[in-house]
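Text of the file protein-v2.txt, holding compact mmCIF, C-alpha atoms and all ligand atoms:
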# COMPACT_ATOMS: atom_id res chain seq x y z
CA MET A 1 18.76 -15.48 -4.29
CA THR A 2 18.06 -11.91 -3.15
CA ALA A 3 15.28 -9.71 -4.55
CA LYS A 4 17.98 -8.02 -6.60
CA ASP A 5 18.52 -11.10 -8.71
CA THR A 6 14.96 -12.35 -9.00
CA PHE A 7 14.03 -10.64 -12.27
CA LYS A 8 16.39 -10.21 -15.19
CA SER A 9 14.33 -7.64 -17.03
CA ILE A 10 11.47 -5.20 -16.65
CA ASP A 11 9.36 -7.36 -19.00
CA GLU A 12 9.91 -10.42 -16.84
CA LEU A 13 8.77 -8.50 -13.76
CA ALA A 14 5.72 -7.11 -15.64
CA GLN A 15 4.74 -10.64 -16.66
CA ALA A 16 5.13 -12.00 -13.16
CA LEU A 17 2.92 -9.23 -11.77
CA GLN A 18 0.33 -9.85 -14.45
CA GLY A 19 0.42 -13.51 -13.53
CA VAL A 20 -0.91 -12.60 -10.09
CA GLY A 21 -3.50 -10.20 -11.54
CA TYR A 22 -1.64 -6.90 -11.22
CA PHE A 23 -1.51 -4.70 -14.31
CA ALA A 24 0.88 -1.78 -14.24
CA GLU A 25 2.22 0.80 -16.64
CA ARG A 26 5.84 0.58 -17.71
CA ARG A 27 7.02 3.56 -15.67
CA LEU A 28 5.78 1.95 -12.49
CA ILE A 29 7.30 -1.44 -13.32
CA THR A 30 10.61 0.30 -14.04
CA ALA A 31 10.50 1.98 -10.62
CA VAL A 32 9.79 -1.37 -8.92
CA PHE A 33 12.55 -3.07 -10.92
CA LEU A 34 15.07 -0.41 -9.91
CA SER A 35 14.03 -0.49 -6.28
CA LEU A 36 14.76 -4.25 -6.26
CA LYS A 37 18.07 -3.89 -8.10
CA LEU A 38 19.33 -0.97 -6.04
CA GLU A 39 17.81 -2.27 -2.79
CA ARG A 40 16.16 1.08 -2.16
CA PRO A 41 12.72 1.67 -0.60
CA LEU A 42 10.02 2.74 -3.06
CA LEU A 43 7.62 5.56 -2.19
CA LEU A 44 4.32 5.42 -4.08
CA GLU A 45 2.06 8.45 -4.07
CA GLY A 46 -1.29 8.73 -5.79
CA GLU A 47 -5.04 9.15 -5.55
CA PRO A 48 -7.04 6.63 -3.51
CA GLY A 49 -7.84 3.34 -5.19
CA VAL A 50 -5.17 3.41 -7.92
CA GLY A 51 -3.45 0.23 -6.71
CA LYS A 52 -0.71 1.34 -4.31
CA THR A 53 -1.40 -1.18 -1.56
CA GLU A 54 -2.26 -3.85 -4.10
CA LEU A 55 1.15 -3.47 -5.75
CA ALA A 56 2.89 -4.36 -2.48
CA LYS A 57 0.68 -7.43 -2.09
CA ALA A 58 1.28 -8.56 -5.67
CA LEU A 59 5.03 -8.00 -5.37
CA ALA A 60 5.21 -10.04 -2.17
CA LYS A 61 3.52 -12.89 -4.03
CA VAL A 62 5.86 -12.86 -7.01
CA LEU A 63 8.94 -12.59 -4.81
CA GLY A 64 7.72 -15.35 -2.50
CA ARG A 65 8.31 -13.07 0.50
CA PRO A 66 6.01 -12.70 3.51
CA LEU A 67 4.15 -9.38 3.46
CA ILE A 68 4.58 -7.47 6.71
CA ARG A 69 2.33 -4.46 6.94
CA LEU A 70 2.66 -1.36 9.05
CA GLN A 71 -0.64 0.49 8.75
CA CYS A 72 0.08 4.07 9.75
CA TYR A 73 -2.34 6.37 11.55
CA ASP A 74 -2.40 9.72 13.26
CA GLY A 75 -0.64 9.51 16.61
CA MET A 76 1.18 6.24 15.91
CA GLU A 77 4.11 5.71 18.20
CA GLN A 78 7.50 4.12 17.65
CA ARG A 79 6.76 1.20 19.93
CA GLU A 80 3.85 0.18 17.69
CA ALA A 81 6.17 0.12 14.71
CA LEU A 82 9.31 -1.37 16.21
CA TYR A 83 9.00 -3.31 19.47
CA GLU A 84 7.40 -3.34 22.91
CA TRP A 85 8.40 -5.04 26.11
CA ASN A 86 5.96 -7.68 27.27
CA HIS A 87 5.28 -6.10 30.64
CA ALA A 88 3.00 -8.86 31.89
CA ALA A 89 5.61 -11.57 31.19
CA GLN A 90 8.34 -9.39 32.70
CA LEU A 91 6.32 -8.96 35.93
CA LEU A 92 5.57 -12.67 36.16
CA HIS A 93 9.24 -13.47 35.69
CA MET A 94 10.28 -10.99 38.36
CA ARG A 95 7.74 -12.36 40.81
CA ALA A 96 8.77 -15.97 40.12
CA ALA A 97 12.48 -15.12 40.39
CA SER A 98 12.12 -13.29 43.70
CA GLN A 99 10.00 -16.09 45.21
CA SER A 100 12.12 -19.01 44.01
CA GLY A 101 14.88 -18.24 46.47
CA THR A 102 17.72 -18.50 43.92
CA GLY A 103 19.39 -15.63 45.64
CA ALA A 104 19.44 -13.45 42.52
CA SER A 105 19.87 -9.78 43.35
CA PRO A 106 17.24 -7.25 42.24
CA GLN A 107 19.76 -5.91 39.68
CA GLU A 108 20.27 -9.40 38.22
CA ILE A 109 16.54 -9.97 37.96
CA GLU A 110 16.12 -6.59 36.28
CA ARG A 111 18.80 -7.46 33.73
CA GLU A 112 17.09 -10.76 32.98
CA VAL A 113 13.78 -9.16 32.04
CA TYR A 114 15.42 -7.06 29.32
CA GLN A 115 16.29 -10.05 27.20
CA LYS A 116 15.02 -10.74 23.68
CA ARG A 117 12.46 -13.27 24.86
CA PHE A 118 10.50 -10.51 26.58
CA LEU A 119 10.49 -8.38 23.44
CA VAL A 120 7.34 -8.21 21.33
CA LYS A 121 8.37 -7.57 17.73
CA ARG A 122 6.38 -5.07 15.72
CA PRO A 123 6.50 -4.82 11.89
CA LEU A 124 9.82 -2.97 11.41
CA LEU A 125 11.79 -5.27 13.68
CA GLU A 126 10.04 -8.33 12.31
CA ALA A 127 10.96 -7.28 8.76
CA LEU A 128 14.60 -6.73 9.71
CA GLN A 129 14.83 -10.13 11.36
CA THR A 130 13.10 -12.15 8.64
CA LYS A 131 15.52 -14.76 7.30
CA ALA A 132 16.15 -15.42 3.58
CA PRO A 133 14.48 -14.72 1.21
CA GLY A 134 13.59 -11.75 3.46
CA ALA A 135 10.36 -9.86 3.98
CA LEU A 136 8.40 -7.33 2.03
CA LEU A 137 7.58 -4.46 4.37
CA LEU A 138 4.64 -2.26 3.43
CA ILE A 139 4.56 1.05 5.32
CA ASP A 140 1.04 1.99 4.27
CA GLU A 141 -0.32 5.55 4.30
CA VAL A 142 2.79 7.07 5.82
CA ASP A 143 1.33 10.57 5.34
CA ARG A 144 -1.03 9.87 8.26
CA THR A 145 1.82 9.84 10.78
CA ASP A 146 3.60 12.92 12.11
CA GLU A 147 7.08 14.39 11.53
CA PRO A 148 8.76 12.79 14.56
CA PHE A 149 7.64 9.39 13.30
CA GLU A 150 9.03 10.12 9.85
CA ALA A 151 12.33 11.13 11.45
CA PHE A 152 12.34 7.84 13.33
CA LEU A 153 11.99 5.95 10.01
CA LEU A 154 15.14 7.49 8.53
CA GLU A 155 17.60 4.99 10.01
CA TYR A 156 15.53 2.08 8.74
CA LEU A 157 15.04 3.59 5.27
CA GLY A 158 18.67 4.58 4.83
CA GLU A 159 20.47 1.60 6.30
CA TYR A 160 17.90 -1.11 7.00
CA GLN A 161 18.75 -0.99 10.67
CA VAL A 162 17.27 0.27 13.94
CA SER A 163 18.77 1.13 17.30
CA ILE A 164 17.16 -0.26 20.44
CA PRO A 165 18.49 1.33 23.63
CA GLU A 166 18.52 -1.91 25.66
CA LEU A 167 19.81 -4.19 22.87
CA GLY A 168 21.94 -2.05 20.56
CA THR A 169 21.75 -1.82 16.77
CA ILE A 170 19.85 -4.42 14.81
CA LYS A 171 20.74 -4.61 11.12
CA ALA A 172 18.95 -6.64 8.46
CA GLU A 173 20.70 -9.77 7.22
CA VAL A 174 18.57 -9.62 4.09
CA ALA A 175 17.38 -6.13 3.08
CA PRO A 176 13.58 -6.12 3.27
CA VAL A 177 11.91 -5.00 0.04
CA THR A 178 10.24 -1.85 1.35
CA ILE A 179 7.24 -0.03 -0.10
CA LEU A 180 5.81 3.17 1.36
CA THR A 181 2.49 4.56 0.22
CA SER A 182 0.98 8.01 0.65
CA ASN A 183 -2.27 9.66 -0.40
CA ARG A 184 -0.48 12.97 -0.16
CA THR A 185 -2.72 14.41 2.53
CA ARG A 186 0.45 16.30 3.46
CA ASP A 187 3.94 16.67 2.03
CA LEU A 188 6.44 14.16 3.33
CA ASN A 189 9.75 15.16 4.82
CA ASP A 190 12.51 15.66 2.21
CA ALA A 191 14.84 13.40 4.18
CA VAL A 192 12.35 10.52 3.80
CA LYS A 193 11.97 11.19 0.08
CA ARG A 194 15.73 11.29 -0.45
CA ARG A 195 16.10 7.79 0.92
CA CYS A 196 13.45 6.37 -1.42
CA LEU A 197 12.82 5.98 -5.11
CA TYR A 198 9.64 7.82 -5.96
CA GLN A 199 6.72 7.05 -8.23
CA TRP A 200 3.49 8.98 -8.73
CA MET A 201 0.63 6.63 -9.61
CA ASP A 202 -2.01 8.03 -11.90
CA TYR A 203 -5.39 6.72 -12.90
CA PRO A 204 -4.98 3.94 -15.46
CA ASP A 205 -5.46 4.34 -19.17
CA ARG A 206 -8.38 2.58 -20.79
CA GLU A 207 -6.46 -0.57 -21.75
CA ARG A 208 -5.12 -1.13 -18.27
CA GLU A 209 -8.46 -0.49 -16.65
CA LEU A 210 -10.04 -2.97 -19.05
CA ALA A 211 -7.42 -5.57 -18.17
CA VAL A 212 -8.03 -5.16 -14.43
CA VAL A 213 -11.82 -5.32 -14.68
CA ARG A 214 -11.63 -8.29 -17.06
CA SER A 215 -9.36 -10.20 -14.75
CA GLN A 216 -11.25 -9.41 -11.53
CA VAL A 217 -14.80 -9.59 -12.87
CA PRO A 218 -14.64 -12.30 -15.53
CA GLN A 219 -18.39 -12.86 -15.27
CA ALA A 220 -19.06 -9.44 -16.84
CA SER A 221 -19.73 -9.50 -20.58
CA ALA A 222 -17.09 -7.98 -22.87
CA GLN A 223 -19.55 -5.24 -23.79
CA LEU A 224 -20.31 -4.31 -20.19
CA THR A 225 -16.62 -4.30 -19.25
CA GLU A 226 -15.84 -1.93 -22.10
CA GLN A 227 -18.72 0.34 -21.16
CA VAL A 228 -17.55 0.49 -17.55
CA ALA A 229 -13.98 1.37 -18.60
CA GLU A 230 -15.21 3.99 -21.06
CA PHE A 231 -17.65 5.56 -18.57
CA VAL A 232 -15.18 5.75 -15.68
CA GLY A 233 -12.48 7.04 -18.03
CA ARG A 234 -14.80 9.87 -19.08
CA LEU A 235 -15.61 10.73 -15.46
CA ARG A 236 -11.88 11.25 -14.87
CA SER A 237 -11.22 13.40 -17.92
CA GLN A 238 -12.35 16.84 -19.02
CA PRO A 239 -14.86 18.35 -19.41
CA PHE A 240 -16.51 16.03 -16.86
CA ALA A 241 -13.74 15.74 -14.26
CA SER A 242 -14.07 19.33 -13.07
CA ALA A 243 -17.70 18.68 -12.07
CA PHE A 244 -16.57 16.26 -9.34
CA GLN A 245 -14.55 16.59 -6.16
CA ARG A 246 -13.03 13.13 -6.33
CA ALA A 247 -12.83 10.80 -9.32
CA PRO A 248 -13.39 7.04 -8.87
CA GLY A 249 -10.28 4.81 -8.69
CA ILE A 250 -9.71 1.34 -10.15
CA ALA A 251 -11.16 -0.13 -6.97
CA GLU A 252 -14.47 1.60 -7.73
CA SER A 253 -14.50 0.40 -11.36
CA VAL A 254 -14.07 -3.18 -10.17
CA GLU A 255 -16.77 -2.83 -7.51
CA TRP A 256 -19.12 -1.20 -10.00
CA ALA A 257 -18.66 -3.96 -12.57
CA LYS A 258 -19.39 -6.55 -9.84
CA ALA A 259 -22.55 -4.68 -8.82
CA LEU A 260 -23.74 -4.41 -12.43
CA VAL A 261 -23.26 -8.14 -12.89
CA ALA A 262 -25.21 -8.79 -9.68
CA LEU A 263 -28.05 -6.71 -11.13
CA ASN A 264 -27.93 -8.68 -14.40
CA THR A 265 -27.11 -5.53 -16.34
CA LEU A 266 -26.33 -6.13 -19.98
CA THR A 267 -25.72 -2.58 -21.03
CA LEU A 268 -25.42 0.77 -19.22
CA ASP A 269 -28.36 3.18 -19.21
CA PRO A 270 -29.11 6.33 -17.16
CA GLU A 271 -31.36 4.46 -14.76
CA VAL A 272 -28.88 1.76 -13.75
CA VAL A 273 -26.11 4.35 -13.37
CA GLN A 274 -28.35 6.43 -11.07
CA ASP A 275 -29.21 3.36 -9.00
CA THR A 276 -25.59 2.33 -8.50
CA VAL A 277 -23.81 5.69 -8.40
CA GLY A 278 -23.04 5.28 -4.68
CA ILE A 279 -20.34 2.81 -5.69
CA LEU A 280 -18.54 5.33 -7.88
CA PHE A 281 -18.86 8.38 -5.67
CA LYS A 282 -18.88 8.73 -1.90
CA GLN A 283 -19.67 12.45 -1.70
CA ARG A 284 -23.20 13.79 -1.76
CA GLU A 285 -22.21 16.70 -4.04
CA ASP A 286 -20.63 14.35 -6.59
CA ILE A 287 -23.71 12.13 -6.62
CA ALA A 288 -25.88 15.18 -7.31
CA ALA A 289 -23.47 16.48 -9.97
CA ILE A 290 -23.65 13.39 -12.16
CA THR A 291 -27.39 13.51 -12.94
CA PRO A 292 -27.37 16.37 -15.49
CA LEU A 293 -24.28 14.86 -17.21
CA LEU A 294 -25.59 11.35 -17.71
CA ASP A 295 -26.69 11.72 -21.34
CA ASP A 296 -23.31 13.10 -22.38
CA LEU A 297 -21.42 10.54 -20.31
CA LEU A 298 -23.34 7.70 -21.96
CA ALA A 299 -23.23 9.09 -25.51
CA PRO A 300 -21.46 6.78 -27.99
CA ALA A 301 -17.76 7.51 -28.34
CA PRO A 302 -17.02 9.65 -31.40
CA THR A 303 -15.54 7.47 -34.15
CA VAL A 304 -12.01 8.39 -35.09
CA ILE A 305 -11.58 8.77 -38.84
N1 LIG B 1 -3.02 -2.18 -11.33
C1 LIG B 1 -3.96 -2.95 -10.77
N2 LIG B 1 -4.08 -4.23 -11.13
C2 LIG B 1 -5.02 -4.99 -10.56
N3 LIG B 1 -5.92 -4.56 -9.64
C3 LIG B 1 -5.85 -3.29 -9.24
C4 LIG B 1 -4.85 -2.43 -9.78
N4 LIG B 1 -5.02 -1.24 -9.21
C5 LIG B 1 -6.06 -1.33 -8.36
N5 LIG B 1 -6.56 -2.58 -8.38
C6 LIG B 1 -7.73 -3.01 -7.63
O1 LIG B 1 -8.19 -1.92 -6.87
C7 LIG B 1 -8.29 -2.26 -5.49
C8 LIG B 1 -7.85 -1.11 -4.65
O2 LIG B 1 -6.51 -0.86 -4.83
P1 LIG B 1 -5.61 -0.40 -3.62
O3 LIG B 1 -6.25 -0.70 -2.33
O4 LIG B 1 -4.25 -0.93 -3.86
O5 LIG B 1 -5.61 1.18 -3.83
P2 LIG B 1 -4.75 2.25 -3.05
O6 LIG B 1 -4.06 3.06 -4.08
O7 LIG B 1 -3.93 1.60 -2.01
O8 LIG B 1 -5.91 3.11 -2.39
P3 LIG B 1 -5.92 3.89 -0.98
O9 LIG B 1 -5.08 5.11 -1.21
O10 LIG B 1 -7.38 4.22 -0.80
O11 LIG B 1 -5.39 2.96 0.04
C9 LIG B 1 -7.46 -3.51 -5.31
O12 LIG B 1 -7.99 -4.35 -4.35
C10 LIG B 1 -7.52 -4.15 -6.67
O13 LIG B 1 -8.68 -4.95 -6.75
MG MG B 2 -3.95 1.64 0.05
Mind turning the file's structure into structure tokens?
Ligand SMILES: Nc1ncnc2c1ncn2[C@@H]1O[C@H](COP(=O)(O)OP(=O)(O)OP(=O)(O)O)[C@@H](O)[C@H]1O
Ligand SMILES: [Mg+2]
Amino acid sequence: MTAKDTFKSIDELAQALQGVGYFAERRLITAVFLSLKLERPLLLEGEPGVGKTELAKALAKVLGRPLIRLQCYDGMEQREALYEWNHAAQLLHMRAASQSGTGASPQEIEREVYQKRFLVKRPLLEALQTKAPGALLLIDEVDRTDEPFEAFLLEYLGEYQVSIPELGTIKAEVAPVTILTSNRTRDLNDAVKRRCLYQWMDYPDRERELAVVRSQVPQASAQLTEQVAEFVGRLRSQPFASAFQRAPGIAESVEWAKALVALNTLTLDPEVVQDTVGILFKQREDIAAITPLLDDLLAPAPTVI
């Protein structure tokens, strides 16, 4: 069975993801469902900590596919993504061959060292060569690479194949499920976007945030969990959001709930928020900005009539 046939409906996929602790909105599940059905890579963009990387991990689990991760960074080169020759093994082989007196010519020995067994596979090649049910390739934080690297990805993204000068074209037997993530530190090349389905991932709504915190911090009381979701939700919405440079993601809500449990907190108050604010914000200016807003942030929610 290929990834295409694994889930019959969007609801079935949503349930499977929930079963491994991943809670997603319907738009996102639809994008994942379509990327499986159409065998197209999925590009996820969004703020830090909204669950981009986690989605790839959860999807690998529900598909029963090995997760192969290419963590991108500034200055990354093709050989780190695709393959390298094992120079040490090649040298040893050449030395052994020339000393063994088999009479092999230098040209023959040179040909021998460019065989597959001297190739070190990196994530892209490994993903292409993974047998059924195939791999899930996560190309994480692709916006950290440069334009030539993006151009190099096009052949893989469009056709699930790569060309290696010494070995020719290698095409996937089973199309790897491919997820790219970006924090949008720069705009990606249009050619990359055209080859992918695209989904922007926003901060979660209150219900989804509650579900994530409940499932990952079950030791927290129902009251504390609700207060955390309410508080973080307010930080991300107006009028408070404009006071901060960067709003906390789901990752921060989960960490904060864990910290509050560790401190035996039963209910939020200004003091405990002040003491733990370094979990929600990582910028000095944001930490300073929260103090005058605490009373309003902690005020009871207005009752809807
Ligand atoms: N929808 C979700 N369901 C369950 N847990 C989630 C969800 N979204 C985020 N999380 C939690 O938040 C943590 C951080 O998420 P993740 O690392 O995927 O964010 P990200 O979007 O990749 O962030 P970054 O851009 O900084 O890499 C995860 O380890 C997980 O605990
Ligand atoms: Mg990530």
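Residue nearest Gly158 (chain A) within the list A:Arg236, A:Cys196, A:Val177, A:Gly134: A:Cys196 [criterion: smallest interatomic distance, only C-alpha atoms].
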_Who sits within 10 Å of Ala175 (chain A), only C-alpha atoms, same chain under 2 positions skipped, as JSON, numbers by chain_ = {"A": [2, 3, 4, 36, 39, 40, 41, 127, 128, 129, 130, 131, 132, 133, 134, 135, 136, 159, 160, 161, 171, 172, 173, 177, 178]}
_Nearest-residue call for ligand LIG 1 (chain B), choices A:Gln223, A:Thr267, A:Ser98, A:Ser215, using only C-alpha atoms and all ligand atoms_ =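 So, comparing all the options, the nearest one is A:Ser215.
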Give, as AutoDock Vina command-line options, the centre coordinates and the x, y and z edge lengths in Å to one decimal for an axis-aligned box around all listed atoms of region 143-160 of chain A, padded by 6 Å on each side.
--center_x 9.7 --center_y 6.6 --center_z 9.7 --size_x 33.5 --size_y 27.5 --size_z 21.7
Give me the chain A side of the contact with ligand MG 2 (chain B), cut-off 8 Å, one line per residue showing its nearest atom pair and distance in Å at one decimal, counting all atoms listed in the file, sorted by chain and residue number, as a Markdown table.
| residue | atom | partner | partner_atom | distance |
| --- | --- | --- | --- | --- |
| A:Pro48 | CA | B:MG2 | MG | 6.9 |
| A:Gly49 | CA | B:MG2 | MG | 6.7 |
| A:Gly51 | CA | B:MG2 | MG | 6.9 |
| A:Lys52 | CA | B:MG2 | MG | 5.4 |
| A:Thr53 | CA | B:MG2 | MG | 4.1 |
| A:Glu54 | CA | B:MG2 | MG | 7.1 |
| A:Asp140 | CA | B:MG2 | MG | 6.5 |
| A:Glu141 | CA | B:MG2 | MG | 6.8 |
| A:Thr181 | CA | B:MG2 | MG | 7.1 |
Output the selection as a PDB file, in the coordinates of the input - C-alpha atoms for each residue.
ATOM      1  CA  PRO A  48      -7.040   6.630  -3.510  1.00  0.00           C
ATOM      2  CA  GLY A  49      -7.840   3.340  -5.190  1.00  0.00           C
ATOM      3  CA  GLY A  51      -3.450   0.230  -6.710  1.00  0.00           C
ATOM      4  CA  LYS A  52      -0.710   1.340  -4.310  1.00  0.00           C
ATOM      5  CA  THR A  53      -1.400  -1.180  -1.560  1.00  0.00           C
ATOM      6  CA  GLU A  54      -2.260  -3.850  -4.100  1.00  0.00           C
ATOM      7  CA  ASP A 140       1.040   1.990   4.270  1.00  0.00           C
ATOM      8  CA  GLU A 141      -0.320   5.550   4.300  1.00  0.00           C
ATOM      9  CA  THR A 181       2.490   4.560   0.220  1.00  0.00           C
TER      10      THR A 181
END
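In this comparison, which uses only C-alpha atoms, the residue of A:Val142, A:Leu298, A:Val113, A:Val277 approaching Gly233 (chain A) most closely is A:Leu298.
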*Around ligand LIG 1 (chain B), at most 7 Å away and counting all atoms listed in the file, which residues are there? Put them as a ChimeraX atom specification, please.*
/A:21-24,46-55,182-183,212,250-251,254
Pull C-alpha atoms from the residues just selected and write them as a PDB file, in the coordinates of the input.
ATOM      1  CA  GLY A  21      -3.500 -10.200 -11.540  1.00  0.00           C
ATOM      2  CA  TYR A  22      -1.640  -6.900 -11.220  1.00  0.00           C
ATOM      3  CA  PHE A  23      -1.510  -4.700 -14.310  1.00  0.00           C
ATOM      4  CA  ALA A  24       0.880  -1.780 -14.240  1.00  0.00           C
ATOM      5  CA  GLY A  46      -1.290   8.730  -5.790  1.00  0.00           C
ATOM      6  CA  GLU A  47      -5.040   9.150  -5.550  1.00  0.00           C
ATOM      7  CA  PRO A  48      -7.040   6.630  -3.510  1.00  0.00           C
ATOM      8  CA  GLY A  49      -7.840   3.340  -5.190  1.00  0.00           C
ATOM      9  CA  VAL A  50      -5.170   3.410  -7.920  1.00  0.00           C
ATOM     10  CA  GLY A  51      -3.450   0.230  -6.710  1.00  0.00           C
ATOM     11  CA  LYS A  52      -0.710   1.340  -4.310  1.00  0.00           C
ATOM     12  CA  THR A  53      -1.400  -1.180  -1.560  1.00  0.00           C
ATOM     13  CA  GLU A  54      -2.260  -3.850  -4.100  1.00  0.00           C
ATOM     14  CA  LEU A  55       1.150  -3.470  -5.750  1.00  0.00           C
ATOM     15  CA  SER A 182       0.980   8.010   0.650  1.00  0.00           C
ATOM     16  CA  ASN A 183      -2.270   9.660  -0.400  1.00  0.00           C
ATOM     17  CA  VAL A 212      -8.030  -5.160 -14.430  1.00  0.00           C
ATOM     18  CA  ILE A 250      -9.710   1.340 -10.150  1.00  0.00           C
ATOM     19  CA  ALA A 251     -11.160  -0.130  -6.970  1.00  0.00           C
ATOM     20  CA  VAL A 254     -14.070  -3.180 -10.170  1.00  0.00           C
TER      21      VAL A 254
END
*Surrounding residues of Ala229 (chain A) excluding itself and chain neighbours under 5 positions, 7 Å, only C-alpha atoms, as a ChimeraX atom specification*: /A:206,209-210
For the residues in the current selection, export C-alpha atoms as a short mmCIF file (atom, residue, chain, number, x, y, z; two decimals), in the coordinates of the input.
data_model
loop_
_atom_site.label_atom_id
_atom_site.label_comp_id
_atom_site.auth_asym_id
_atom_site.auth_seq_id
_atom_site.Cartn_x
_atom_site.Cartn_y
_atom_site.Cartn_z
CA ARG A 206 -8.38 2.58 -20.79
CA GLU A 209 -8.46 -0.49 -16.65
CA LEU A 210 -10.04 -2.97 -19.05
#
*Please tell me which residues are no farther than 7 Å from (11.4, 6.1, 2.7) in the file, counting only C-alpha atoms, and write them as a list in words.*
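The requested residues, written out, are Pro41, Leu42, Leu43, Leu157, Leu180, Val192, Lys193, Arg195 and Cys196 of chain A.
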_Show me, as number ranges by chain, the residues that have an atom within 10 Å of region 108-111 of chain A when counting all atoms listed in the file, minus same-chain residues fewer than 5 positions from it._
A: 90, 93-95, 97-98, 103, 166
Would you save the residues of that selection, restricted to C-alpha atoms, as a compact mmCIF listing (two decimals), in the frame of the given file?
# COMPACT_ATOMS: atom_id res chain seq x y z
CA GLN A 90 8.34 -9.39 32.70
CA HIS A 93 9.24 -13.47 35.69
CA MET A 94 10.28 -10.99 38.36
CA ARG A 95 7.74 -12.36 40.81
CA ALA A 97 12.48 -15.12 40.39
CA SER A 98 12.12 -13.29 43.70
CA GLY A 103 19.39 -15.63 45.64
CA GLU A 166 18.52 -1.91 25.66
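Considering only C-alpha atoms, the residue among A:Ile164, A:Leu197, A:Leu34, A:Ala211 positioned nearest to Gln18 (chain A) is A:Ala211.
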*Work out how far CA of Tyr198 (chain A) is from CA of Arg186 (chain A), in Å to one decimal.*
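These atoms are spaced 15.7 Å apart.
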*Computed interatomic separation between CA of Asp143 (chain A) and CA of Cys72 (chain A) (Å)*: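 Separation between CA of Asp143 (chain A) and CA of Cys72 (chain A): 8.0 Å.
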*Could you check which of A:Leu28, A:Val228, A:Ala301, A:Ala288 is closest to Asp269 (chain A), using all atoms listed in the file?*
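For Asp269 (chain A), the nearest of the candidates is A:Val228.
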*Out of A:Gln107, A:Met76, A:Arg214, A:Lys121, which residue has the shortest atom-to-atom distance to Phe149 (chain A) when counting all atoms listed in the file?*
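Checking each of A:Gln107, A:Met76, A:Arg214, A:Lys121 against Phe149 (chain A), counting all atoms listed in the file, the winner is A:Met76.
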*Tell me which protein, DNA and RNA residues are within 6 Å of region 61-70 of chain A, counting all atoms listed in the file, leaving out same-chain ones fewer than 3 positions away, and put them as a list in words.*
Ala58, Pro123, Ala135, Leu136, Leu137, Leu138 and Ile139 of chain A
Selection export as a short mmCIF file (atom, residue, chain, number, x, y, z; two decimals), in the coordinates of the input, atoms kept: C-alpha atoms:
data_model
loop_
_atom_site.label_atom_id
_atom_site.label_comp_id
_atom_site.auth_asym_id
_atom_site.auth_seq_id
_atom_site.Cartn_x
_atom_site.Cartn_y
_atom_site.Cartn_z
CA ALA A 58 1.28 -8.56 -5.67
CA PRO A 123 6.50 -4.82 11.89
CA ALA A 135 10.36 -9.86 3.98
CA LEU A 136 8.40 -7.33 2.03
CA LEU A 137 7.58 -4.46 4.37
CA LEU A 138 4.64 -2.26 3.43
CA ILE A 139 4.56 1.05 5.32
#
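Put simply, CA of Val217 (chain A) is 8.6 Å away from CA of Val261 (chain A).
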